[in-house]
$ cat model_3.cif   # mmCIF, C-alpha atoms and all ligand atoms
data_input
#
loop_
_atom_site.label_atom_id
_atom_site.label_comp_id
_atom_site.auth_asym_id
_atom_site.auth_seq_id
_atom_site.Cartn_x
_atom_site.Cartn_y
_atom_site.Cartn_z
CA GLU A 1 -96.84 -143.89 -2.81
CA VAL A 2 -100.27 -145.36 -3.43
CA GLU A 3 -100.47 -149.09 -3.98
CA GLU A 4 -101.66 -149.90 -7.49
CA ARG A 5 -105.01 -151.62 -7.48
CA VAL A 6 -106.62 -153.03 -10.63
CA PHE A 7 -110.33 -153.77 -11.00
CA SER A 8 -112.27 -155.12 -13.95
CA GLY A 9 -115.48 -157.04 -14.58
CA ILE A 10 -117.07 -159.43 -17.02
CA GLN A 11 -120.75 -160.24 -17.35
CA PRO A 12 -121.92 -163.81 -16.73
CA THR A 13 -123.78 -164.07 -20.00
CA GLY A 14 -122.27 -167.32 -21.23
CA ILE A 15 -118.84 -168.57 -22.20
CA PRO A 16 -116.47 -165.73 -23.15
CA HIS A 17 -115.87 -165.25 -26.87
CA LEU A 18 -112.81 -164.46 -28.93
CA GLY A 19 -113.41 -160.72 -28.51
CA ASN A 20 -113.59 -161.01 -24.72
CA TYR A 21 -110.39 -163.04 -24.74
CA LEU A 22 -108.31 -160.85 -27.06
CA GLY A 23 -109.84 -157.55 -25.91
CA ALA A 24 -109.83 -158.19 -22.18
CA LEU A 25 -108.94 -161.56 -20.64
CA GLU A 26 -105.50 -161.86 -22.20
CA SER A 27 -104.45 -158.55 -20.64
CA TRP A 28 -106.17 -159.44 -17.36
CA VAL A 29 -103.87 -162.44 -17.12
CA ARG A 30 -100.81 -160.29 -17.84
CA LEU A 31 -101.76 -157.70 -15.21
CA GLN A 32 -101.44 -160.26 -12.44
CA GLY A 33 -98.15 -159.69 -10.72
CA GLN A 34 -97.61 -156.28 -12.38
CA HIS A 35 -99.78 -154.45 -9.86
CA GLY A 36 -100.16 -154.48 -6.10
CA SER A 37 -103.55 -156.13 -6.19
CA VAL A 38 -105.86 -157.30 -8.91
CA LEU A 39 -109.61 -157.88 -8.59
CA TYR A 40 -111.74 -159.50 -11.27
CA SER A 41 -115.47 -159.64 -10.79
CA ILE A 42 -118.15 -161.67 -12.49
CA VAL A 43 -120.67 -158.88 -12.61
CA ASP A 44 -124.03 -160.59 -12.26
CA LEU A 45 -125.71 -157.40 -11.01
CA HIS A 46 -124.92 -155.84 -14.38
CA SER A 47 -126.25 -158.79 -16.31
CA ILE A 48 -129.77 -158.45 -14.85
CA THR A 49 -130.16 -154.98 -16.39
CA VAL A 50 -131.67 -157.04 -19.20
CA PRO A 51 -133.84 -160.14 -18.58
CA GLN A 52 -131.97 -163.30 -17.52
CA ASP A 53 -133.18 -166.81 -16.88
CA PRO A 54 -132.24 -167.76 -13.27
CA ALA A 55 -130.98 -171.27 -14.05
CA ARG A 56 -128.94 -170.01 -16.99
CA LEU A 57 -127.51 -167.17 -14.94
CA ARG A 58 -126.35 -169.60 -12.26
CA THR A 59 -124.73 -171.80 -14.91
CA SER A 60 -123.14 -168.82 -16.60
CA VAL A 61 -121.42 -167.63 -13.44
CA LEU A 62 -119.67 -171.01 -13.17
CA ASP A 63 -118.94 -171.06 -16.91
CA VAL A 64 -117.26 -167.69 -16.67
CA ALA A 65 -115.36 -168.62 -13.51
CA ALA A 66 -114.05 -171.77 -15.20
CA SER A 67 -113.20 -169.80 -18.34
CA LEU A 68 -111.26 -167.14 -16.47
CA ILE A 69 -109.23 -169.70 -14.55
CA ALA A 70 -108.62 -171.72 -17.73
CA CYS A 71 -107.38 -168.58 -19.50
CA GLY A 72 -104.85 -168.01 -16.73
CA ILE A 73 -106.52 -165.99 -14.00
CA ASP A 74 -104.96 -167.45 -10.89
CA PRO A 75 -107.27 -167.24 -7.85
CA GLU A 76 -104.18 -167.16 -5.63
CA ARG A 77 -102.79 -164.07 -7.35
CA SER A 78 -106.07 -162.32 -8.21
CA ILE A 79 -109.24 -161.86 -6.25
CA LEU A 80 -111.86 -163.56 -8.42
CA PHE A 81 -115.41 -163.12 -7.18
CA GLN A 82 -119.08 -162.83 -7.98
CA GLN A 83 -120.27 -159.24 -7.67
CA SER A 84 -123.60 -159.91 -5.92
CA GLN A 85 -121.80 -161.75 -3.11
CA VAL A 86 -120.32 -158.46 -1.95
CA SER A 87 -123.32 -156.35 -0.96
CA GLU A 88 -121.26 -153.16 -0.65
CA HIS A 89 -121.38 -152.82 -4.46
CA THR A 90 -125.07 -151.97 -4.36
CA GLU A 91 -124.73 -149.90 -1.20
CA LEU A 92 -122.03 -147.69 -2.67
CA CYS A 93 -123.97 -147.56 -5.93
CA TRP A 94 -126.84 -145.89 -4.09
CA VAL A 95 -124.54 -143.34 -2.48
CA LEU A 96 -122.89 -142.49 -5.80
CA GLY A 97 -126.26 -142.38 -7.55
CA CYS A 98 -127.25 -139.58 -5.21
CA LEU A 99 -124.24 -137.60 -6.50
CA THR A 100 -124.96 -138.20 -10.20
CA SER A 101 -127.32 -136.09 -12.28
CA ILE A 102 -129.84 -137.60 -14.68
CA PRO A 103 -128.60 -135.53 -17.67
CA ARG A 104 -125.04 -136.80 -17.04
CA LEU A 105 -126.29 -140.37 -17.51
CA ARG A 106 -128.62 -139.48 -20.34
CA HIS A 107 -125.72 -138.11 -22.37
CA LEU A 108 -123.67 -141.32 -22.24
CA PRO A 109 -123.37 -142.64 -25.80
CA GLN A 110 -124.27 -146.20 -24.86
CA TRP A 111 -127.55 -145.08 -23.33
CA LYS A 112 -128.41 -143.01 -26.38
CA GLN A 113 -127.74 -146.03 -28.52
CA THR A 114 -129.77 -148.32 -26.26
CA LYS A 115 -132.67 -145.92 -26.41
CA SER A 116 -132.64 -145.71 -30.17
CA ASN A 117 -132.43 -149.50 -30.44
CA ARG A 118 -135.37 -150.33 -28.23
CA LYS A 119 -139.06 -149.80 -28.46
CA ASN A 120 -139.37 -149.10 -24.77
CA GLU A 121 -136.58 -147.29 -23.01
CA GLY A 122 -135.33 -150.15 -20.86
CA SER A 123 -135.15 -150.48 -17.08
CA VAL A 124 -133.93 -147.99 -14.51
CA GLY A 125 -131.10 -150.48 -13.92
CA LEU A 126 -130.01 -150.31 -17.54
CA PHE A 127 -130.05 -146.52 -17.35
CA ALA A 128 -128.11 -146.41 -14.10
CA TYR A 129 -125.62 -149.24 -14.62
CA PRO A 130 -122.69 -146.86 -15.23
CA ILE A 131 -123.13 -145.75 -11.61
CA LEU A 132 -122.85 -149.37 -10.52
CA GLN A 133 -119.66 -149.59 -12.59
CA ALA A 134 -118.33 -146.52 -10.80
CA ALA A 135 -119.17 -148.18 -7.47
CA ASP A 136 -117.45 -151.43 -8.56
CA ILE A 137 -114.26 -149.51 -9.25
CA LEU A 138 -114.27 -147.05 -6.34
CA LEU A 139 -115.28 -149.65 -3.74
CA TYR A 140 -111.70 -150.98 -3.83
CA LYS A 141 -110.11 -147.54 -4.26
CA SER A 142 -108.93 -148.88 -7.60
CA THR A 143 -106.20 -146.95 -9.37
CA HIS A 144 -106.24 -148.75 -12.74
CA VAL A 145 -109.07 -150.16 -14.82
CA PRO A 146 -108.50 -152.23 -17.96
CA VAL A 147 -111.20 -151.05 -20.38
CA GLY A 148 -112.15 -151.25 -24.01
CA GLU A 149 -112.55 -147.99 -25.90
CA ASP A 150 -116.33 -148.32 -25.75
CA GLN A 151 -116.18 -148.11 -21.94
CA ILE A 152 -114.04 -145.01 -21.68
CA GLN A 153 -116.98 -142.64 -21.14
CA HIS A 154 -118.12 -144.84 -18.29
CA LEU A 155 -114.69 -144.68 -16.70
CA GLU A 156 -114.85 -140.89 -17.04
CA LEU A 157 -118.12 -140.99 -15.14
CA ALA A 158 -116.38 -142.97 -12.39
CA GLN A 159 -113.59 -140.36 -12.32
CA ASP A 160 -116.09 -137.49 -12.11
CA THR A 161 -118.02 -139.27 -9.38
CA ALA A 162 -114.82 -139.80 -7.39
CA ARG A 163 -114.01 -136.09 -7.71
CA ILE A 164 -117.50 -135.04 -6.68
CA PHE A 165 -117.41 -137.32 -3.64
CA ASN A 166 -113.92 -136.15 -2.65
CA GLN A 167 -114.90 -132.51 -2.97
CA LYS A 168 -118.04 -132.93 -0.92
CA TYR A 169 -116.79 -135.29 1.75
CA GLY A 170 -113.00 -135.01 1.73
CA ASP A 171 -110.30 -136.99 -0.03
CA CYS A 172 -111.36 -140.59 -0.17
CA PHE A 173 -111.05 -142.06 -3.66
CA PRO A 174 -108.04 -142.07 -5.99
CA ILE A 175 -109.00 -141.04 -9.55
CA PRO A 176 -108.99 -144.35 -11.46
CA GLN A 177 -106.95 -144.42 -14.67
CA PRO A 178 -107.75 -146.46 -17.78
CA LEU A 179 -105.49 -149.22 -19.01
CA LEU A 180 -106.64 -149.08 -22.61
CA SER A 181 -106.63 -152.31 -24.55
CA VAL A 182 -104.36 -151.96 -27.58
CA THR A 183 -106.00 -154.81 -29.46
CA ARG A 184 -108.49 -153.68 -32.04
CA LYS A 185 -112.07 -154.81 -31.58
CA VAL A 186 -112.77 -158.30 -32.84
CA LYS A 187 -115.60 -158.08 -35.36
CA SER A 188 -118.61 -160.30 -35.89
CA LEU A 189 -117.84 -163.05 -38.41
CA ARG A 190 -121.23 -162.46 -40.02
CA ASP A 191 -121.08 -158.67 -40.08
CA PRO A 192 -117.51 -157.39 -39.89
CA THR A 193 -118.72 -153.82 -39.43
CA SER A 194 -120.06 -154.62 -35.94
CA LYS A 195 -118.15 -156.01 -32.97
CA MET A 196 -118.24 -159.64 -32.00
CA SER A 197 -120.68 -159.88 -29.12
CA LYS A 198 -122.42 -162.43 -26.95
CA SER A 199 -125.69 -160.75 -27.73
CA ASP A 200 -125.28 -161.09 -31.50
CA PRO A 201 -128.30 -163.19 -32.50
CA ARG A 202 -126.82 -164.22 -35.86
CA LYS A 203 -125.74 -167.84 -36.18
CA LEU A 204 -122.01 -168.48 -36.68
CA ALA A 205 -121.14 -164.85 -35.85
CA THR A 206 -119.41 -165.37 -32.52
CA VAL A 207 -116.58 -167.77 -31.70
CA ASN A 208 -116.57 -168.92 -28.09
CA ILE A 209 -113.32 -169.95 -26.47
CA THR A 210 -114.77 -173.44 -25.88
CA ASP A 211 -116.09 -174.05 -29.39
CA THR A 212 -115.16 -177.43 -30.85
CA PRO A 213 -112.63 -177.54 -33.70
CA ASP A 214 -115.46 -178.39 -36.11
CA ASP A 215 -117.53 -175.41 -34.96
CA ILE A 216 -114.54 -173.13 -35.35
CA ARG A 217 -113.83 -174.43 -38.86
CA LEU A 218 -117.45 -173.94 -39.88
CA LYS A 219 -117.65 -170.42 -38.46
CA PHE A 220 -114.50 -169.28 -40.24
CA ARG A 221 -115.53 -171.02 -43.47
CA LYS A 222 -118.76 -169.00 -43.39
CA ALA A 223 -117.07 -165.75 -42.34
CA VAL A 224 -118.21 -162.83 -44.46
CA THR A 225 -115.39 -161.37 -46.57
CA ASP A 226 -115.58 -159.70 -49.99
CA PHE A 227 -115.01 -160.36 -53.68
CA THR A 228 -111.25 -159.87 -53.68
CA SER A 229 -109.36 -163.10 -53.10
CA GLU A 230 -106.01 -161.74 -51.90
CA VAL A 231 -105.16 -161.42 -48.22
CA THR A 232 -104.56 -157.77 -47.36
CA PHE A 233 -105.04 -155.64 -44.25
CA ASP A 234 -107.33 -152.70 -44.93
CA PRO A 235 -109.97 -152.42 -42.18
CA GLU A 236 -111.67 -149.44 -43.86
CA ASN A 237 -112.33 -151.04 -47.22
CA ARG A 238 -112.00 -154.74 -46.43
CA PRO A 239 -113.35 -155.20 -42.89
CA GLY A 240 -114.02 -158.93 -43.27
CA VAL A 241 -110.62 -160.15 -44.35
CA SER A 242 -108.91 -157.57 -42.11
CA ASN A 243 -110.78 -159.00 -39.13
CA LEU A 244 -109.41 -162.44 -40.03
CA VAL A 245 -105.88 -161.04 -40.30
CA ALA A 246 -106.22 -159.28 -36.93
CA ILE A 247 -107.50 -162.47 -35.27
CA HIS A 248 -104.73 -164.51 -36.90
CA ALA A 249 -102.07 -162.09 -35.71
CA ALA A 250 -103.49 -161.93 -32.19
CA VAL A 251 -103.77 -165.68 -31.63
CA THR A 252 -100.30 -166.40 -33.00
CA GLY A 253 -98.60 -163.42 -31.34
CA GLN A 254 -97.40 -162.03 -34.66
CA THR A 255 -97.79 -158.60 -36.22
CA VAL A 256 -100.37 -157.93 -38.88
CA GLU A 257 -97.55 -157.37 -41.41
CA GLU A 258 -95.98 -160.73 -40.63
CA VAL A 259 -99.29 -162.48 -41.05
CA VAL A 260 -100.08 -160.74 -44.36
CA HIS A 261 -96.60 -161.51 -45.67
CA GLN A 262 -96.93 -165.19 -44.73
CA SER A 263 -100.27 -165.45 -46.44
CA GLU A 264 -99.11 -164.16 -49.81
CA GLY A 265 -100.52 -166.24 -52.62
CA LEU A 266 -103.40 -167.65 -50.54
CA GLU A 267 -106.98 -167.14 -51.65
CA THR A 268 -109.33 -165.95 -48.91
CA ALA A 269 -111.06 -169.35 -48.89
CA GLN A 270 -107.75 -171.06 -48.09
CA TYR A 271 -106.82 -168.31 -45.69
CA LYS A 272 -110.01 -168.82 -43.66
CA HIS A 273 -108.85 -172.38 -43.12
CA VAL A 274 -105.42 -171.21 -41.93
CA VAL A 275 -106.98 -168.78 -39.45
CA ALA A 276 -109.40 -171.42 -38.17
CA GLU A 277 -106.53 -173.82 -37.48
CA ALA A 278 -104.57 -171.11 -35.64
CA VAL A 279 -107.62 -170.35 -33.47
CA ILE A 280 -108.12 -174.06 -32.78
CA GLN A 281 -104.50 -174.46 -31.75
CA LYS A 282 -104.71 -171.47 -29.42
CA PHE A 283 -107.92 -172.49 -27.69
CA SER A 284 -107.67 -176.29 -27.56
CA PRO A 285 -105.82 -176.35 -24.23
CA ILE A 286 -108.12 -173.69 -22.79
CA ARG A 287 -111.18 -175.64 -23.91
CA ALA A 288 -109.89 -178.80 -22.25
CA GLU A 289 -109.17 -176.90 -19.05
CA VAL A 290 -112.65 -175.31 -19.00
CA GLN A 291 -114.17 -178.78 -19.34
CA ARG A 292 -112.01 -180.14 -16.54
CA LEU A 293 -112.88 -177.26 -14.20
CA ARG A 294 -116.53 -177.21 -15.17
CA ALA A 295 -116.85 -180.83 -14.03
CA ASP A 296 -115.93 -179.71 -10.50
CA ALA A 297 -118.59 -177.16 -9.55
CA GLY A 298 -117.65 -177.58 -5.89
CA TYR A 299 -114.15 -176.30 -6.57
CA LEU A 300 -115.44 -173.32 -8.56
CA GLU A 301 -117.92 -172.43 -5.83
CA LYS A 302 -115.15 -172.60 -3.26
CA VAL A 303 -112.93 -170.31 -5.34
CA LEU A 304 -115.78 -167.82 -5.68
CA SER A 305 -116.73 -167.81 -2.02
CA ARG A 306 -113.10 -167.43 -0.96
CA GLY A 307 -112.77 -164.61 -3.52
CA ALA A 308 -115.90 -162.92 -2.18
CA GLU A 309 -114.51 -163.13 1.35
CA LYS A 310 -111.30 -161.42 0.32
CA ALA A 311 -113.13 -158.78 -1.73
CA LYS A 312 -115.57 -158.14 1.11
CA GLU A 313 -112.73 -157.65 3.57
CA ARG A 314 -111.46 -154.75 1.44
CA ALA A 315 -114.85 -153.43 0.41
CA SER A 316 -116.14 -153.19 3.96
CA VAL A 317 -113.17 -151.09 5.07
CA VAL A 318 -113.74 -148.59 2.25
CA TYR A 319 -117.49 -148.56 2.72
CA GLN A 320 -117.09 -147.93 6.46
CA GLU A 321 -115.03 -144.88 5.56
CA VAL A 322 -117.72 -143.75 3.12
CA ARG A 323 -120.39 -144.15 5.80
CA ARG A 324 -118.40 -142.15 8.30
CA ARG A 325 -117.75 -139.37 5.76
CA ILE A 326 -121.39 -139.00 4.72
CA GLY A 327 -122.68 -139.08 8.28
CA PHE A 328 -124.30 -142.54 8.49
P1 LIG B 401 -120.11 -158.48 -24.56
O1 LIG B 401 -119.86 -157.09 -25.13
O2 LIG B 401 -119.90 -159.56 -25.57
O3 LIG B 401 -121.43 -158.58 -23.85
P2 LIG B 401 -118.81 -157.91 -22.06
O4 LIG B 401 -119.59 -156.65 -22.07
O5 LIG B 401 -119.03 -158.84 -20.92
O6 LIG B 401 -119.01 -158.69 -23.43
O7 LIG B 401 -117.30 -157.53 -22.19
C1 LIG B 401 -116.25 -157.99 -21.38
C2 LIG B 401 -114.95 -157.40 -21.89
O8 LIG B 401 -114.68 -157.86 -23.21
C3 LIG B 401 -114.95 -155.88 -21.98
O9 LIG B 401 -113.70 -155.41 -21.50
C4 LIG B 401 -115.09 -155.59 -23.46
O10 LIG B 401 -114.46 -154.38 -23.84
C5 LIG B 401 -114.39 -156.78 -24.08
N1 LIG B 401 -114.97 -157.07 -25.41
C6 LIG B 401 -116.24 -157.44 -25.64
N2 LIG B 401 -116.44 -157.65 -26.96
C7 LIG B 401 -115.25 -157.40 -27.57
C8 LIG B 401 -114.80 -157.46 -28.93
N3 LIG B 401 -115.62 -157.80 -29.91
N4 LIG B 401 -113.51 -157.16 -29.19
C9 LIG B 401 -112.67 -156.81 -28.19
N5 LIG B 401 -113.02 -156.75 -26.91
C10 LIG B 401 -114.30 -157.03 -26.57
NA NA B 402 -120.73 -155.21 -23.56
#
$ encode --input "model_3.cif" --output "structure tokens"
Amino acid sequence: EVEERVFSGIQPTGIPHLGNYLGALESWVRLQGQHGSVLYSIVDLHSITVPQDPARLRTSVLDVAASLIACGIDPERSILFQQSQVSEHTELCWVLGCLTSIPRLRHLPQWKQTKSNRKNEGSVGLFAYPILQAADILLYKSTHVPVGEDQIQHLELAQDTARIFNQKYGDCFPIPQPLLSVTRKVKSLRDPTSKMSKSDPRKLATVNITDTPDDIRLKFRKAVTDFTSEVTFDPENRPGVSNLVAIHAAVTGQTVEEVVHQSEGLETAQYKHVVAEAVIQKFSPIRAEVQRLRADAGYLEKVLSRGAEKAKERASVVYQEVRRRIGF
């Protein structure tokens, strides 16, 4: 029987937000101990597919490391590392890129969307980053990948690439399977029809896990809802208030029905306050822990370099096999 190996990544583009936490990090924490080995990577190579300021990038890597540990990623039970510290990611990316056709990449929905959103068509890196994702996964012969629904096509590319490699060079990579997040996407507080995102330029749209209680109260007070004052769950017709209900349920560990039932008789204005307080309660300890860890950059750097060592140990074995198979 094959050992189960989990891989996932998060970009170092600032402190994780509520969507990252509920859509990814919470399940990352749970996966520790359920699988043979678990690798979580701070994927800085991915983040430079769009312009990054060097000083900010450096800070962000430590912010994300502190955030992951504060949320419950245990560097003793998971391999937590910075992607660029393991050079095999880019080496395998090249190999896999040579097995991937341009039309295959061009048809990925995210690329189509990127293209239509931008005046120029973006960098080669932005075009090819799904290949780097495939390399990230296959480099550890990963069997399971926690992904959001928006990443499923990219995982399929990784699966196809594994099959193509195996067919050409002999059985090497297991076909990685998705662990789909069951949580619905957290929506932007300013536009509940789009997902909450770090790259949302709108003020008050994104709640970071280290926001102060006052910031959280303000953001929820200003959250866009609608002209009905009751609390109901109807994502189609009432995306704003439904987003609040979904967040409320997720941070308190209740079902949507329980939350709606509890909130009977509340006006949305009062309800926003209730949700804000629940979010504050959930993230206060995490915020304190991020601050504590962030004050000790030496510790974080040690965790990351130890993580990179462990990741590299595994990556180099797999990449040696790849080299041998392709005739290097
Ligand atoms: P962002 O999309 O904000 O740049 P990342 O791409 O670094 O964040 O995403 C890291 C993880 O967080 C991914 O697994 C992604 O699916 C998840 N994620 C990001 N935004 C949301 C959201 N609004 N709701 C749920 N999950 C999300
Ligand atoms: Na993203």
$ closest_residue --input "model_3.cif" --among "A:Leu138, A:His273, A:Val231, A:Arg58" --to "Leu155 in chain A" --atoms "all atoms listed in the file"
A:Leu138
$ residues_near_ligand --input "model_3.cif" --ligand "ligand NA 402 (chain B)" --cutoff "10 Å" --atoms "all atoms listed in the file" --output "list in words"
Ile10, Gln11, Asn20, Ser47, Gln110, Gly148, Asp150, Gln151, Lys195, Met196, Ser197, Lys198 and Ser199 of chain A
$ write_last_selection --input "model_3.cif" --atoms "C-alpha atoms" --output "compact mmCIF listing (two decimals), keeping the file's coordinate frame"
# COMPACT_ATOMS: atom_id res chain seq x y z
CA ILE A 10 -117.07 -159.43 -17.02
CA GLN A 11 -120.75 -160.24 -17.35
CA ASN A 20 -113.59 -161.01 -24.72
CA SER A 47 -126.25 -158.79 -16.31
CA GLN A 110 -124.27 -146.20 -24.86
CA GLY A 148 -112.15 -151.25 -24.01
CA ASP A 150 -116.33 -148.32 -25.75
CA GLN A 151 -116.18 -148.11 -21.94
CA LYS A 195 -118.15 -156.01 -32.97
CA MET A 196 -118.24 -159.64 -32.00
CA SER A 197 -120.68 -159.88 -29.12
CA LYS A 198 -122.42 -162.43 -26.95
CA SER A 199 -125.69 -160.75 -27.73
$ closest_atom_pairs --input "model_3.cif" --of "chain A" --to "ligand LIG 401 (chain B)" --cutoff "9 Å" --atoms "all atoms listed in the file" --output "CSV"
residue,atom,partner,partner_atom,distance
A:Ser8,CA,B:LIG401,O9,7.7
A:Gly9,CA,B:LIG401,C1,6.9
A:Ile10,CA,B:LIG401,O5,4.4
A:Gln11,CA,B:LIG401,O5,4.2
A:Pro12,CA,B:LIG401,O5,7.1
A:Thr13,CA,B:LIG401,O3,7.1
A:Pro16,CA,B:LIG401,O2,7.5
A:His17,CA,B:LIG401,O2,7.1
A:Leu18,CA,B:LIG401,C8,7.3
A:Gly19,CA,B:LIG401,C8,3.6
A:Asn20,CA,B:LIG401,O8,3.7
A:Tyr21,CA,B:LIG401,O8,6.9
A:Leu22,CA,B:LIG401,C9,6.1
A:Gly23,CA,B:LIG401,N5,3.4
A:Ala24,CA,B:LIG401,O9,4.8
A:Leu25,CA,B:LIG401,O8,7.3
A:Ile42,CA,B:LIG401,O5,8.9
A:Val43,CA,B:LIG401,O5,8.5
A:Ser47,CA,B:LIG401,O5,8.6
A:Pro146,CA,B:LIG401,O9,7.0
A:Val147,CA,B:LIG401,O9,5.1
A:Gly148,CA,B:LIG401,O10,3.9
A:Glu149,CA,B:LIG401,O10,7.0
A:Asp150,CA,B:LIG401,O10,6.6
A:Gln151,CA,B:LIG401,O10,6.8
A:Ser181,CA,B:LIG401,O10,8.1
A:Thr183,CA,B:LIG401,C9,7.1
A:Arg184,CA,B:LIG401,C9,6.5
A:Lys185,CA,B:LIG401,N4,3.6
A:Val186,CA,B:LIG401,N4,3.9
A:Lys187,CA,B:LIG401,N3,5.5
A:Ser188,CA,B:LIG401,N3,7.1
A:Ser194,CA,B:LIG401,N3,8.1
A:Lys195,CA,B:LIG401,N3,4.4
A:Met196,CA,B:LIG401,N3,3.8
A:Ser197,CA,B:LIG401,O2,3.6
A:Lys198,CA,B:LIG401,O2,4.1
A:Ser199,CA,B:LIG401,O3,6.2
A:Asp200,CA,B:LIG401,O2,8.2
A:Thr206,CA,B:LIG401,N3,8.9
$ closest_residue --input "model_3.cif" --among "A:Lys203, A:His261, A:Arg292, A:Lys272" --to "Arg221 in chain A" --atoms "all atoms listed in the file"
A:Lys272
$ closest_residue --input "model_3.cif" --among "A:Asp214, A:Asp191, A:Glu313, A:Glu289" --to "Ala276 in chain A" --atoms "only C-alpha atoms"
A:Asp214
$ closest_residue --input "model_3.cif" --among "A:Phe283, A:Phe227, A:Phe233, A:Tyr271" --to "Glu257 in chain A" --atoms "all atoms listed in the file"
A:Phe233
$ build_atoms --input "model_3.cif" --residues "range 20-36 of chain A" --atoms "N, CA and C atoms" --output "PDB file, in the frame of the given file"
ATOM      1  N   ASN A  20    -113.848-161.141 -26.163  1.00  0.00           N
ATOM      2  CA  ASN A  20    -113.590-161.010 -24.720  1.00  0.00           C
ATOM      3  C   ASN A  20    -112.162-161.433 -24.409  1.00  0.00           C
ATOM      4  N   TYR A  21    -111.734-162.533 -25.026  1.00  0.00           N
ATOM      5  CA  TYR A  21    -110.390-163.040 -24.740  1.00  0.00           C
ATOM      6  C   TYR A  21    -109.324-162.068 -25.211  1.00  0.00           C
ATOM      7  N   LEU A  22    -109.384-161.688 -26.485  1.00  0.00           N
ATOM      8  CA  LEU A  22    -108.310-160.850 -27.060  1.00  0.00           C
ATOM      9  C   LEU A  22    -108.405-159.410 -26.570  1.00  0.00           C
ATOM     10  N   GLY A  23    -109.643-158.939 -26.320  1.00  0.00           N
ATOM     11  CA  GLY A  23    -109.840-157.550 -25.910  1.00  0.00           C
ATOM     12  C   GLY A  23    -109.687-157.338 -24.413  1.00  0.00           C
ATOM     13  N   ALA A  24    -109.840-158.390 -23.633  1.00  0.00           N
ATOM     14  CA  ALA A  24    -109.830-158.190 -22.180  1.00  0.00           C
ATOM     15  C   ALA A  24    -109.039-159.278 -21.436  1.00  0.00           C
ATOM     16  N   LEU A  25    -109.487-160.519 -21.532  1.00  0.00           N
ATOM     17  CA  LEU A  25    -108.940-161.560 -20.640  1.00  0.00           C
ATOM     18  C   LEU A  25    -107.433-161.748 -20.769  1.00  0.00           C
ATOM     19  N   GLU A  26    -106.937-161.665 -22.008  1.00  0.00           N
ATOM     20  CA  GLU A  26    -105.500-161.860 -22.200  1.00  0.00           C
ATOM     21  C   GLU A  26    -104.708-160.824 -21.403  1.00  0.00           C
ATOM     22  N   SER A  27    -105.183-159.574 -21.406  1.00  0.00           N
ATOM     23  CA  SER A  27    -104.450-158.550 -20.640  1.00  0.00           C
ATOM     24  C   SER A  27    -104.726-158.704 -19.145  1.00  0.00           C
ATOM     25  N   TRP A  28    -105.908-159.178 -18.785  1.00  0.00           N
ATOM     26  CA  TRP A  28    -106.170-159.440 -17.360  1.00  0.00           C
ATOM     27  C   TRP A  28    -105.138-160.411 -16.802  1.00  0.00           C
ATOM     28  N   VAL A  29    -104.829-161.434 -17.572  1.00  0.00           N
ATOM     29  CA  VAL A  29    -103.870-162.440 -17.120  1.00  0.00           C
ATOM     30  C   VAL A  29    -102.503-161.793 -16.923  1.00  0.00           C
ATOM     31  N   ARG A  30    -102.120-160.957 -17.896  1.00  0.00           N
ATOM     32  CA  ARG A  30    -100.810-160.290 -17.840  1.00  0.00           C
ATOM     33  C   ARG A  30    -100.699-159.334 -16.654  1.00  0.00           C
ATOM     34  N   LEU A  31    -101.804-158.706 -16.281  1.00  0.00           N
ATOM     35  CA  LEU A  31    -101.760-157.700 -15.210  1.00  0.00           C
ATOM     36  C   LEU A  31    -101.472-158.301 -13.838  1.00  0.00           C
ATOM     37  N   GLN A  32    -101.709-159.593 -13.714  1.00  0.00           N
ATOM     38  CA  GLN A  32    -101.440-160.260 -12.440  1.00  0.00           C
ATOM     39  C   GLN A  32     -99.942-160.202 -12.190  1.00  0.00           C
ATOM     40  N   GLY A  33     -99.574-159.738 -11.020  1.00  0.00           N
ATOM     41  CA  GLY A  33     -98.150-159.690 -10.720  1.00  0.00           C
ATOM     42  C   GLY A  33     -97.505-158.366 -11.117  1.00  0.00           C
ATOM     43  N   GLN A  34     -98.156-157.586 -12.008  1.00  0.00           N
ATOM     44  CA  GLN A  34     -97.610-156.280 -12.380  1.00  0.00           C
ATOM     45  C   GLN A  34     -98.118-155.177 -11.457  1.00  0.00           C
ATOM     46  N   HIS A  35     -99.166-155.460 -10.726  1.00  0.00           N
ATOM     47  CA  HIS A  35     -99.780-154.450  -9.860  1.00  0.00           C
ATOM     48  C   HIS A  35     -99.939-154.999  -8.454  1.00  0.00           C
ATOM     49  N   GLY A  36    -100.054-154.097  -7.486  1.00  0.00           N
ATOM     50  CA  GLY A  36    -100.160-154.480  -6.100  1.00  0.00           C
ATOM     51  C   GLY A  36    -101.279-155.481  -5.844  1.00  0.00           C
TER      52      GLY A  36
END
